[in-house]
$ cat input08.txt   # compact mmCIF, C-alpha atoms (C1' of nucleotides)
# COMPACT_ATOMS: atom_id res chain seq x y z
CA MET A 239 -21.54 -82.53 53.47
CA SER A 240 -20.50 -83.54 56.99
CA LEU A 241 -22.09 -86.96 56.94
CA GLN A 242 -19.49 -87.88 54.35
CA HIS A 243 -16.76 -86.81 56.75
CA ALA A 244 -18.33 -88.72 59.61
CA ILE A 245 -18.35 -91.83 57.42
CA LEU A 246 -14.72 -91.28 56.49
CA VAL A 247 -13.82 -90.96 60.17
CA ALA A 248 -15.56 -94.27 60.78
CA LEU A 249 -13.41 -95.80 58.04
CA THR A 250 -10.13 -94.57 59.55
CA ASP A 251 -9.91 -97.60 61.79
CA GLY A 252 -10.44 -100.13 59.04
CA ALA A 253 -12.71 -101.16 56.17
CA LYS A 254 -16.43 -101.27 56.94
CA SER A 255 -19.69 -102.05 55.22
CA GLY A 256 -22.63 -99.66 55.13
CA TYR A 257 -24.33 -101.95 57.58
CA ASP A 258 -21.39 -101.74 60.00
CA ILE A 259 -21.40 -97.96 59.84
CA ALA A 260 -25.14 -97.80 60.44
CA LYS A 261 -24.76 -99.97 63.53
CA GLN A 262 -21.93 -97.82 64.82
CA PHE A 263 -24.02 -94.68 64.35
CA ASP A 264 -27.01 -96.32 66.02
CA ASP A 265 -25.02 -97.24 69.08
CA SER A 266 -25.65 -94.13 71.18
CA THR A 267 -22.11 -93.91 72.48
CA GLY A 268 -20.59 -95.07 69.21
CA PHE A 269 -20.62 -91.84 67.33
CA PHE A 270 -21.98 -88.33 67.58
CA TRP A 271 -23.61 -88.34 64.24
CA ARG A 272 -26.65 -90.24 63.28
CA ALA A 273 -27.96 -91.44 59.92
CA ARG A 274 -30.25 -94.12 58.53
CA HIS A 275 -28.83 -96.87 56.42
CA SER A 276 -30.62 -95.48 53.38
CA GLN A 277 -28.64 -92.28 53.63
CA ILE A 278 -25.39 -94.05 54.43
CA TYR A 279 -25.56 -96.18 51.28
CA ARG A 280 -26.27 -93.06 49.25
CA GLU A 281 -23.31 -91.18 50.72
CA LEU A 282 -21.00 -94.17 50.37
CA SER A 283 -21.55 -94.27 46.64
CA LYS A 284 -20.88 -90.53 46.46
CA LEU A 285 -17.62 -91.04 48.38
CA LYS A 286 -16.70 -93.71 45.86
CA ASP A 287 -17.51 -91.44 42.91
CA ARG A 288 -15.29 -88.76 44.44
CA GLY A 289 -12.43 -91.17 44.93
CA TRP A 290 -12.44 -90.75 48.71
CA ALA A 291 -13.32 -94.38 49.30
CA ILE A 292 -13.00 -97.66 47.40
CA SER A 293 -15.04 -100.81 47.79
CA GLU A 294 -14.55 -104.53 47.49
CA GLU A 295 -17.19 -107.24 47.69
CA ILE A 296 -16.85 -110.08 50.17
CA VAL A 297 -18.77 -113.10 48.95
CA GLN A 298 -20.78 -114.85 51.65
CA SER A 299 -23.08 -117.80 51.52
CA GLY A 300 -26.41 -117.84 53.28
CA LYS A 301 -26.21 -114.10 53.95
CA PRO A 302 -26.09 -111.30 51.39
CA ASN A 303 -22.58 -110.35 50.31
CA ARG A 304 -20.84 -107.60 52.23
CA ILE A 305 -19.41 -104.59 50.43
CA LEU A 306 -16.46 -103.24 52.36
CA PHE A 307 -15.43 -99.62 51.95
CA SER A 308 -11.97 -98.29 52.71
CA ILE A 309 -10.69 -94.73 52.87
CA THR A 310 -8.23 -93.65 50.15
CA LYS A 311 -5.36 -91.19 50.33
CA ALA A 312 -7.61 -88.56 48.77
CA GLY A 313 -10.15 -89.31 51.49
CA ARG A 314 -7.52 -88.79 54.16
CA SER A 315 -6.57 -85.39 52.74
CA GLY A 316 -10.27 -84.57 52.62
CA LEU A 317 -10.48 -85.20 56.36
CA VAL A 318 -7.45 -83.04 57.13
CA GLU A 319 -8.79 -80.26 54.91
CA TRP A 320 -12.18 -80.49 56.63
CA SER A 321 -10.62 -80.16 60.10
CA ARG A 322 -8.95 -76.93 59.02
CA GLN A 323 -12.28 -75.32 58.15
CA PRO A 324 -14.02 -73.47 60.99
CA SER A 325 -16.90 -75.62 62.19
CA ASP A 326 -20.46 -74.42 62.62
CA VAL A 327 -22.08 -74.22 66.03
CA GLN A 328 -25.15 -76.38 66.39
CA GLU A 329 -28.13 -74.13 66.88
CA LEU A 330 -30.48 -74.79 69.76
CA LYS A 331 -33.67 -76.08 68.20
CA ASP A 332 -35.98 -77.61 70.71
CA ASP A 333 -39.74 -77.83 70.98
CA PHE A 334 -39.49 -77.10 74.69
CA LEU A 335 -37.79 -73.79 74.13
CA VAL A 336 -40.49 -72.69 71.73
CA GLN A 337 -43.25 -73.81 74.08
CA LEU A 338 -41.64 -71.88 76.92
CA TYR A 339 -42.12 -68.75 74.84
CA ALA A 340 -45.87 -68.99 75.04
CA LEU A 341 -46.69 -70.80 78.27
CA ASP A 342 -50.13 -69.23 78.34
CA SER A 343 -51.02 -70.85 75.01
CA ILE A 344 -50.08 -74.42 75.83
CA ASP A 345 -51.07 -77.22 78.19
CA LEU A 346 -48.90 -76.57 81.23
CA LYS A 347 -49.79 -79.83 82.91
CA ALA A 348 -48.67 -81.77 79.85
CA LEU A 349 -45.49 -79.72 79.68
CA ARG A 350 -44.61 -80.68 83.25
CA ALA A 351 -45.14 -84.33 82.42
CA ASN A 352 -42.98 -83.94 79.32
CA ILE A 353 -40.18 -82.37 81.30
CA ILE A 354 -40.19 -85.35 83.66
CA ALA A 355 -40.19 -87.80 80.74
CA ARG A 356 -37.27 -85.97 79.16
CA GLN A 357 -35.32 -86.00 82.39
CA GLU A 358 -35.62 -89.76 82.53
CA ARG A 359 -34.24 -90.09 79.05
CA HIS A 360 -31.37 -87.74 79.82
CA ARG A 361 -30.44 -89.67 82.96
CA ASP A 362 -30.63 -92.88 80.98
CA HIS A 363 -28.26 -91.60 78.30
CA MET A 364 -26.02 -90.20 81.00
CA ALA A 365 -25.50 -93.61 82.57
CA ARG A 366 -24.56 -95.16 79.26
CA TYR A 367 -22.04 -92.42 78.48
CA GLN A 368 -20.58 -92.65 81.98
CA ALA A 369 -19.57 -96.28 81.53
CA LYS A 370 -17.70 -95.59 78.32
CA TYR A 371 -16.20 -92.46 79.81
CA ASP A 372 -14.81 -94.28 82.82
CA ALA A 373 -13.32 -96.96 80.60
CA LEU A 374 -11.26 -94.37 78.72
CA GLU A 375 -10.10 -92.55 81.86
CA GLY A 376 -6.38 -92.18 82.13
CA SER A 377 -5.45 -93.42 78.65
CA SER A 378 -2.67 -91.54 76.93
CA ASP A 379 -3.58 -92.68 73.42
CA LEU A 380 -4.42 -89.65 71.28
CA ASN A 381 -7.67 -91.10 69.96
CA ASP A 382 -8.77 -92.15 73.43
CA ILE A 383 -8.16 -88.64 74.74
CA GLY A 384 -10.35 -87.27 71.95
CA ARG A 385 -13.14 -89.76 72.58
CA HIS A 386 -12.95 -89.01 76.26
CA LEU A 387 -13.40 -85.30 75.52
CA ALA A 388 -16.31 -86.02 73.17
CA LEU A 389 -18.05 -88.12 75.79
CA GLU A 390 -17.52 -85.30 78.25
CA VAL A 391 -19.48 -82.94 76.01
CA ALA A 392 -22.27 -85.47 75.73
CA MET A 393 -22.39 -86.04 79.47
CA ILE A 394 -22.46 -82.33 80.22
CA TYR A 395 -25.33 -81.97 77.76
CA GLU A 396 -27.38 -84.71 79.40
CA ARG A 397 -26.57 -83.65 82.95
CA GLU A 398 -27.39 -79.99 82.37
CA TRP A 399 -30.72 -80.73 80.70
CA ALA A 400 -31.68 -83.02 83.55
CA GLU A 401 -30.73 -80.45 86.19
CA TRP A 402 -32.45 -77.67 84.31
CA GLY A 403 -35.58 -79.82 84.41
CA ASP A 404 -35.55 -79.78 88.21
CA ARG A 405 -35.40 -76.01 88.31
CA ALA A 406 -38.06 -75.68 85.62
CA LEU A 407 -40.43 -78.03 87.46
CA GLU A 408 -39.98 -76.00 90.63
CA ARG A 409 -40.69 -72.69 89.00
CA LEU A 410 -43.60 -74.08 86.99
CA SER A 411 -45.13 -75.99 89.89
CA PRO A 412 -48.75 -75.14 90.73
CA SER A 413 -47.68 -73.84 94.13
CA ALA A 414 -44.96 -71.58 92.72
CA LEU A 415 -47.42 -70.16 90.19
CA GLY A 416 -50.09 -69.73 92.83
CA GLU A 417 -52.56 -72.05 91.15
CA LEU A 418 -55.43 -73.33 93.25
CA ALA A 419 -54.91 -76.88 94.46
CA GLY A 420 -56.90 -79.28 92.31
CA ALA A 421 -57.98 -76.65 89.81
CA ASP A 422 -56.89 -77.37 86.25
CA THR A 423 -56.31 -74.07 84.51
CA SER A 424 -54.02 -75.56 81.93
CA ASN A 425 -56.33 -75.82 78.98
CA ILE A 426 -58.68 -72.90 79.31
CA VAL A 427 -58.76 -71.32 75.86
CA PRO A 428 -58.40 -67.57 76.14
CA ILE A 429 -61.05 -65.48 74.39
CA GLY A 430 -60.13 -62.74 71.95
CA GLY A 431 -56.54 -61.53 72.47
CA GLY A 432 -54.54 -61.37 69.24
CA GLU A 433 -57.02 -63.40 67.26
CA ARG A 434 -59.31 -62.31 64.46
CA ARG A 435 -62.76 -63.47 63.33
CA MET B 95 -43.75 -79.85 61.28
CA SER B 96 -42.42 -77.84 64.21
CA LEU B 97 -41.60 -74.71 62.28
CA GLN B 98 -45.32 -74.30 61.82
CA HIS B 99 -45.77 -74.43 65.57
CA ALA B 100 -42.95 -71.97 66.14
CA ILE B 101 -44.65 -69.58 63.73
CA LEU B 102 -47.97 -70.02 65.52
CA VAL B 103 -46.29 -69.27 68.83
CA ALA B 104 -44.92 -66.09 67.30
CA LEU B 105 -48.46 -65.16 66.29
CA THR B 106 -49.89 -65.63 69.79
CA ASP B 107 -48.95 -62.10 70.77
CA GLY B 108 -50.57 -60.47 67.77
CA ALA B 109 -50.76 -60.45 63.98
CA LYS B 110 -47.44 -60.46 62.14
CA SER B 111 -46.12 -60.47 58.59
CA GLY B 112 -43.67 -63.05 57.27
CA TYR B 113 -41.06 -60.35 57.36
CA ASP B 114 -41.74 -59.65 61.05
CA ILE B 115 -41.44 -63.33 61.92
CA ALA B 116 -38.18 -63.64 60.01
CA LYS B 117 -36.74 -60.69 61.91
CA GLN B 118 -37.85 -62.15 65.22
CA PHE B 119 -36.22 -65.49 64.37
CA ASP B 120 -33.05 -63.74 63.24
CA ASP B 121 -32.68 -61.89 66.49
CA SER B 122 -30.56 -64.39 68.39
CA THR B 123 -32.42 -63.96 71.64
CA GLY B 124 -35.78 -63.53 69.95
CA PHE B 125 -36.61 -67.14 69.43
CA PHE B 126 -35.07 -70.55 69.70
CA TRP B 127 -35.97 -71.59 66.24
CA ARG B 128 -34.43 -70.29 63.10
CA ALA B 129 -35.69 -70.12 59.51
CA ARG B 130 -35.07 -68.12 56.35
CA HIS B 131 -37.80 -65.94 55.00
CA SER B 132 -38.21 -68.24 52.01
CA GLN B 133 -39.23 -71.08 54.29
CA ILE B 134 -41.39 -68.87 56.48
CA TYR B 135 -43.51 -67.70 53.53
CA ARG B 136 -43.92 -71.31 52.43
CA GLU B 137 -45.05 -72.44 55.88
CA LEU B 138 -47.35 -69.46 56.31
CA SER B 139 -49.31 -70.42 53.25
CA LYS B 140 -49.55 -73.99 54.52
CA LEU B 141 -50.86 -72.70 57.84
CA LYS B 142 -53.46 -70.73 55.93
CA ASP B 143 -54.47 -73.78 53.87
CA ARG B 144 -54.89 -75.73 57.09
CA GLY B 145 -57.04 -73.03 58.62
CA TRP B 146 -54.59 -72.42 61.46
CA ALA B 147 -53.93 -68.86 60.38
CA ILE B 148 -55.73 -66.21 58.35
CA SER B 149 -54.27 -63.26 56.50
CA GLU B 150 -55.21 -59.74 55.63
CA GLU B 151 -53.37 -57.32 53.36
CA ILE B 152 -52.34 -53.91 54.64
CA VAL B 153 -51.98 -51.49 51.74
CA GLN B 154 -48.90 -49.27 51.98
CA SER B 155 -47.57 -46.62 49.64
CA GLY B 156 -43.91 -46.44 48.75
CA LYS B 157 -43.23 -49.81 50.37
CA PRO B 158 -44.65 -53.17 49.33
CA ASN B 159 -47.92 -54.09 51.01
CA ARG B 160 -47.73 -56.06 54.25
CA ILE B 161 -49.64 -59.30 54.64
CA LEU B 162 -50.53 -59.81 58.27
CA PHE B 163 -51.19 -63.30 59.58
CA SER B 164 -53.22 -64.08 62.69
CA ILE B 165 -53.73 -67.32 64.55
CA THR B 166 -57.21 -68.88 64.44
CA LYS B 167 -59.03 -70.93 67.04
CA ALA B 168 -58.01 -74.08 65.18
CA GLY B 169 -54.43 -72.86 65.34
CA ARG B 170 -54.70 -72.40 69.09
CA SER B 171 -55.97 -75.94 69.55
CA GLY B 172 -53.13 -77.08 67.32
CA LEU B 173 -50.68 -75.51 69.73
CA VAL B 174 -52.27 -77.10 72.78
CA GLU B 175 -52.36 -80.48 71.05
CA TRP B 176 -48.69 -80.12 70.09
CA SER B 177 -47.65 -79.35 73.68
CA ARG B 178 -49.29 -82.58 74.80
CA GLN B 179 -47.15 -84.66 72.48
CA PRO B 180 -43.82 -85.85 73.92
CA SER B 181 -41.08 -83.73 72.38
CA ASP B 182 -37.96 -85.12 70.73
CA VAL B 183 -34.55 -84.54 72.22
CA GLN B 184 -32.21 -82.64 69.96
CA GLU B 185 -29.39 -84.98 68.99
CA LEU B 186 -25.83 -83.82 69.41
CA LYS B 187 -24.51 -83.30 65.91
CA ASP B 188 -21.30 -81.40 65.88
CA ASP B 189 -18.26 -81.51 63.61
CA PHE B 190 -16.02 -81.21 66.67
CA LEU B 191 -17.37 -84.37 68.21
CA VAL B 192 -16.73 -86.32 65.04
CA GLN B 193 -13.23 -84.92 64.69
CA LEU B 194 -12.47 -85.86 68.29
CA TYR B 195 -13.13 -89.46 67.31
CA ALA B 196 -10.16 -89.54 65.00
CA LEU B 197 -7.65 -87.04 66.33
CA ASP B 198 -4.83 -88.87 64.62
CA SER B 199 -6.41 -88.29 61.21
CA ILE B 200 -6.93 -84.55 61.45
CA ASP B 201 -4.95 -81.35 61.79
CA LEU B 202 -4.61 -80.95 65.53
CA LYS B 203 -3.16 -77.46 65.32
CA ALA B 204 -6.17 -76.30 63.29
CA LEU B 205 -8.51 -78.00 65.75
CA ARG B 206 -7.01 -76.05 68.63
CA ALA B 207 -7.48 -72.80 66.71
CA ASN B 208 -11.07 -73.79 65.94
CA ILE B 209 -11.80 -74.48 69.59
CA ILE B 210 -10.58 -71.00 70.50
CA ALA B 211 -12.67 -69.43 67.74
CA ARG B 212 -15.74 -71.30 68.93
CA GLN B 213 -15.17 -70.23 72.51
CA GLU B 214 -15.23 -66.62 71.43
CA ARG B 215 -18.54 -67.10 69.69
CA HIS B 216 -20.00 -68.86 72.71
CA ARG B 217 -18.89 -66.10 75.06
CA ASP B 218 -20.32 -63.56 72.66
CA HIS B 219 -23.74 -65.24 72.58
CA MET B 220 -23.58 -65.66 76.33
CA ALA B 221 -23.31 -61.92 76.88
CA ARG B 222 -26.30 -61.21 74.68
CA TYR B 223 -28.46 -63.79 76.46
CA GLN B 224 -27.36 -62.52 79.86
CA ALA B 225 -28.76 -59.05 79.22
CA LYS B 226 -32.20 -60.39 78.28
CA TYR B 227 -32.07 -62.85 81.13
CA ASP B 228 -31.39 -60.18 83.71
CA ALA B 229 -34.22 -58.05 82.35
CA LEU B 230 -36.74 -60.83 83.00
CA GLU B 231 -35.44 -61.64 86.49
CA GLY B 232 -38.08 -61.56 89.16
CA SER B 233 -41.12 -61.19 86.90
CA SER B 234 -44.16 -63.20 87.94
CA ASP B 235 -45.83 -63.12 84.52
CA LEU B 236 -46.25 -66.67 83.23
CA ASN B 237 -44.75 -65.95 79.82
CA ASP B 238 -41.81 -64.12 81.35
CA ILE B 239 -41.09 -67.08 83.60
CA GLY B 240 -41.05 -69.35 80.55
CA ARG B 241 -38.78 -67.06 78.57
CA HIS B 242 -36.49 -66.79 81.56
CA LEU B 243 -36.25 -70.58 81.70
CA ALA B 244 -35.60 -70.79 77.96
CA LEU B 245 -32.81 -68.25 78.20
CA GLU B 246 -31.37 -70.26 81.05
CA VAL B 247 -31.06 -73.31 78.80
CA ALA B 248 -29.36 -71.22 76.15
CA MET B 249 -26.94 -69.69 78.64
CA ILE B 250 -26.03 -73.06 80.12
CA TYR B 251 -25.37 -74.34 76.60
CA GLU B 252 -23.03 -71.46 75.76
CA ARG B 253 -21.28 -71.48 79.11
CA GLU B 254 -20.67 -75.22 79.16
CA TRP B 255 -19.26 -75.29 75.62
CA ALA B 256 -16.93 -72.43 76.47
CA GLU B 257 -15.73 -74.10 79.66
CA TRP B 258 -15.33 -77.45 77.96
CA GLY B 259 -13.10 -75.65 75.46
CA ASP B 260 -10.68 -74.68 78.23
CA ARG B 261 -10.37 -78.26 79.41
CA ALA B 262 -10.02 -79.55 75.85
CA LEU B 263 -7.26 -77.05 75.04
CA GLU B 264 -5.38 -78.10 78.17
CA ARG B 265 -5.57 -81.79 77.41
CA LEU B 266 -4.76 -81.28 73.73
CA SER B 267 -1.92 -78.84 74.34
CA PRO B 268 1.46 -79.79 72.86
CA SER B 269 2.93 -80.04 76.35
CA ALA B 270 0.18 -82.29 77.67
CA LEU B 271 0.57 -84.58 74.66
CA GLY B 272 4.35 -84.59 74.96
CA GLU B 273 4.92 -83.04 71.54
CA LEU B 274 8.35 -81.61 70.85
CA ALA B 275 8.41 -77.83 71.10
CA GLY B 276 8.23 -76.30 67.63
CA ALA B 277 7.70 -79.59 65.87
CA ASP B 278 4.52 -79.76 63.84
CA THR B 279 3.32 -83.35 63.86
CA SER B 280 -0.25 -82.42 63.08
CA ASN B 281 -0.37 -83.22 59.42
CA ILE B 282 1.90 -86.17 58.94
CA VAL B 283 -0.06 -88.63 56.83
CA PRO B 284 0.21 -92.12 58.29
CA ILE B 285 1.32 -94.86 55.91
CA GLY B 286 -0.71 -98.04 55.50
CA GLY B 287 -3.03 -98.68 58.48
CA GLY B 288 -6.60 -99.39 57.44
CA GLU B 289 -6.13 -98.16 53.88
CA ARG B 290 -6.08 -100.14 50.67
CA ARG B 291 -4.22 -99.56 47.35
C1' DG C 257 -44.56 -120.19 63.91
C1' DC C 258 -42.51 -115.51 64.78
C1' DG C 259 -39.41 -112.03 65.53
C1' DT C 260 -34.62 -110.60 65.03
C1' DT C 261 -30.23 -110.20 62.73
C1' DC C 262 -27.68 -109.87 58.59
C1' DA C 263 -27.25 -107.08 54.28
C1' DT C 264 -28.28 -104.47 50.41
C1' DG C 265 -30.68 -100.95 48.01
C1' DT C 266 -34.62 -97.59 45.83
C1' DA C 267 -38.42 -94.07 45.80
C1' DA C 268 -41.15 -90.64 47.63
C1' DC C 269 -41.34 -87.25 50.60
C1' DC C 270 -40.33 -83.41 53.94
C1' DT C 271 -37.30 -79.78 55.69
C1' DG C 272 -34.06 -76.34 55.08
C1' DT C 273 -30.59 -73.45 52.33
C1' DT C 274 -29.02 -70.62 48.43
C1' DA C 275 -29.80 -67.93 44.85
C1' DC C 276 -32.79 -65.25 41.87
C1' DA C 277 -36.23 -61.49 41.24
C1' DT C 278 -38.34 -56.83 42.04
C1' DG C 279 -38.47 -51.95 43.47
C1' DA C 280 -39.00 -47.75 46.33
C1' DT C 281 -37.00 -45.29 50.36
C1' DT C 282 -33.65 -43.94 53.64
C1' DC C 283 -29.13 -43.68 55.61
C1' DT C 284 -23.97 -42.84 55.09
C1' DA D 41 -23.00 -43.05 44.66
C1' DG D 42 -23.78 -47.12 47.13
C1' DA D 43 -25.57 -49.85 50.83
C1' DA D 44 -29.19 -51.05 53.87
C1' DT D 45 -34.10 -51.57 55.02
C1' DC D 46 -38.74 -52.77 53.83
C1' DA D 47 -41.46 -56.57 51.78
C1' DT D 48 -42.87 -60.15 49.00
C1' DG D 49 -42.17 -64.39 46.64
C1' DT D 50 -40.18 -68.57 43.45
C1' DA D 51 -36.92 -72.29 41.96
C1' DA D 52 -33.34 -75.37 42.46
C1' DC D 53 -30.82 -77.95 45.32
C1' DA D 54 -29.03 -80.46 49.58
C1' DG D 55 -29.78 -83.16 53.53
C1' DG D 56 -32.54 -86.33 56.05
C1' DT D 57 -36.71 -89.56 57.05
C1' DT D 58 -40.09 -93.12 56.02
C1' DA D 59 -41.55 -96.77 53.68
C1' DC D 60 -40.95 -100.46 50.39
C1' DA D 61 -38.42 -104.58 48.71
C1' DT D 62 -35.85 -109.06 49.14
C1' DG D 63 -34.32 -113.38 51.43
C1' DA D 64 -31.72 -116.69 54.26
C1' DA D 65 -30.36 -118.06 59.06
C1' DC D 66 -31.04 -118.33 63.91
C1' DG D 67 -33.06 -118.14 68.47
C1' DC D 68 -37.42 -118.59 71.37
$ encode --input "input08.txt" --output "structure tokens"
Amino acid sequence: MSLQHAILVALTDGAKSGYDIAKQFDDSTGFFWRARHSQIYRELSKLKDRGWAISEEIVQSGKPNRILFSITKAGRSGLVEWSRQPSDVQELKDDFLVQLYALDSIDLKALRANIIARQERHRDHMARYQAKYDALEGSSDLNDIGRHLALEVAMIYEREWAEWGDRALERLSPSALGELAGADTSNIVPIGGGERR
Amino acid sequence: MSLQHAILVALTDGAKSGYDIAKQFDDSTGFFWRARHSQIYRELSKLKDRGWAISEEIVQSGKPNRILFSITKAGRSGLVEWSRQPSDVQELKDDFLVQLYALDSIDLKALRANIIARQERHRDHMARYQAKYDALEGSSDLNDIGRHLALEVAMIYEREWAEWGDRALERLSPSALGELAGADTSNIVPIGGGERR
DNA sequence: GCGTTCATGTAACCTGTTACATGATTCT
DNA sequence: AGAATCATGTAACAGGTTACATGAACGC
């Protein structure tokens, strides 16, 4: 249901095509909701059926025609109504967290490498958010204040994951675990224990 | 695909029924993956078809029989293989973040109330994690170290959301936004601007 | 010549949720 | 008397991904 609201929010600052919305969602700092164009087109026609959006076709030559969607009054009330509902917390659902629950059943060496790879991605994202964040600093426009706060959440998320990675790598380092230097104990398959046949 | 791995991880410390796994997932600190029993039973039979788990029926009187699943050798290699794959980052997908992108189109008063409600939930979760976290402190068992690190991620997540809420409430307070005391400007529907018909 | 951008859409599939179904036992 | 726990499962639906399909224009 919420993708429809995210699309409506995207339409609050003017008419857009499905393609425009998809690009905005793709742009990492553009919007904190992601969707493929296939899903966006599907939801746009539902919004139209519900009377929350209307469309008009812009004829183009050379390129395919654009179909611009605009939010209606009913759509605007839908947004207000939605904001009054209590919102759900996003549950933590991460492969890492599951793997950490059974370190003795996985490839620890590979996990370390994966943590480092993830850290790089988080620092990468961080930098991109930072630029947008700085640009909004100090604005007193209501929407800018909101976007600034949203970027803050995103930056905290990236920063904390990256920093957690440092601590995790320390505590999972061969030396901290007392592994023998050079010995690879990471993929020894345990015998017996909890398994049948 | 990852629910299957989460189930396998749950089976690494002994045979369990679908019911057991569902309870473990339900327990907020029990596992960082959630699923309803309906899905768990479905995935368990897929795991069996794939040869990653085997089952045996325990006859009970009075209660329905239990069907215990155990991980096989193939299942164990599946886990190791999975941990070698780079894991996906969980995307931020939160109603709040979307609403913050269009503060002038939503009910600001309701948003403030929702932030406070969310903070309470985050502080609640925090306390529950803290207890488990403290219990694992100082252990040198590999699995305990992993679970400690996983709980750390969860605690950071809860703590940071709660703290962000304080800052957000400050910056979105009527006084900070220069709203007139007592005046409710939160649900005035703007006229025109970006809308057609 | 080849990949990218623009621009729309459909179909099949996978994952996850909600609701339905059953039935004895134990707790309040 | 009524609710919760134990224990399994199915069916329908909702939300999201992947792959297929088309076709012109533009930059390298």
$ interface_residues --input "input08.txt" --of "chain B" --to "chain C" --cutoff "9 Å" --atoms "all atoms listed in the file" --output "number ranges by chain"
B: 95, 129-130, 133, 156-158
$ atom_distance --input "input08.txt" --atom1 "atom CA of B:His131" --atom2 "atom CA of B:Tyr113"
6.9 Å
$ interface_residues --input "input08.txt" --of "chain A" --to "chain B" --cutoff "7 Å" --atoms "only C-alpha atoms" --output "ChimeraX atom specification"
/A:244,247,250-253,270-271,308-310,317-318,321-322,324-325,328,330-333,335-336,338-345,348-349,352,380-381,384-385,387-388,406,432-434
$ interface_residues --input "input08.txt" --of "chain B" --to "chain D" --cutoff "12 Å" --atoms "all atoms listed in the file" --output "list in words"
Ser111, Gly112, Tyr113, Asp114, Ala116, Lys117, His131, Ser132, Gln133, Ile134, Tyr135, Arg136, Ser139, Glu151, Ile152, Val153, Gln154, Ser155, Gly156, Lys157, Pro158, Asn159, Arg160, Ile161 and Leu162 of chain B
$ atom_distance --input "input08.txt" --atom1 "atom CA of B:Ser233" --atom2 "atom CA of A:Glu401"
21.9 Å
$ atom_distance --input "input08.txt" --atom1 "atom CA of B:Ala256" --atom2 "atom CA of B:Ile210"
8.8 Å
$ axis_aligned_box --input "input08.txt" --around "stretch 328-340 of chain A" --padding-each-side "6 Å" --output "AutoDock Vina command-line options"
--center_x -35.5 --center_y -73.3 --center_z 71.7 --size_x 32.7 --size_y 21.1 --size_z 22.5
$ decode --input "input08.txt" --residues "stretch 254-275 of chain B" --atoms "C-alpha atoms" --output "mmCIF file, in the first residue's frame"
data_model
loop_
_atom_site.group_PDB
_atom_site.id
_atom_site.type_symbol
_atom_site.label_atom_id
_atom_site.label_comp_id
_atom_site.auth_asym_id
_atom_site.auth_seq_id
_atom_site.Cartn_x
_atom_site.Cartn_y
_atom_site.Cartn_z
ATOM 1 C CA GLU B 254 19.811 5.918 16.932
ATOM 2 C CA TRP B 255 16.166 6.023 15.836
ATOM 3 C CA ALA B 256 15.127 7.092 19.315
ATOM 4 C CA GLU B 257 17.759 9.827 19.463
ATOM 5 C CA TRP B 258 16.968 11.009 15.964
ATOM 6 C CA GLY B 259 13.374 11.372 17.146
ATOM 7 C CA ASP B 260 14.436 13.912 19.770
ATOM 8 C CA ARG B 261 16.213 16.036 17.202
ATOM 9 C CA ALA B 262 13.326 15.735 14.744
ATOM 10 C CA LEU B 263 10.771 16.793 17.361
ATOM 11 C CA GLU B 264 12.885 19.823 18.211
ATOM 12 C CA ARG B 265 13.256 20.953 14.626
ATOM 13 C CA LEU B 266 9.607 20.256 13.824
ATOM 14 C CA SER B 267 8.245 21.859 16.978
ATOM 15 C CA PRO B 268 5.715 24.667 16.479
ATOM 16 C CA SER B 269 8.115 27.136 18.062
ATOM 17 C CA ALA B 270 11.049 26.145 15.868
ATOM 18 C CA LEU B 271 8.868 26.455 12.771
ATOM 19 C CA GLY B 272 7.446 29.787 13.918
ATOM 20 C CA GLU B 273 3.864 28.535 14.059
ATOM 21 C CA LEU B 274 1.379 30.648 15.977
ATOM 22 C CA ALA B 275 0.614 29.209 19.395
#
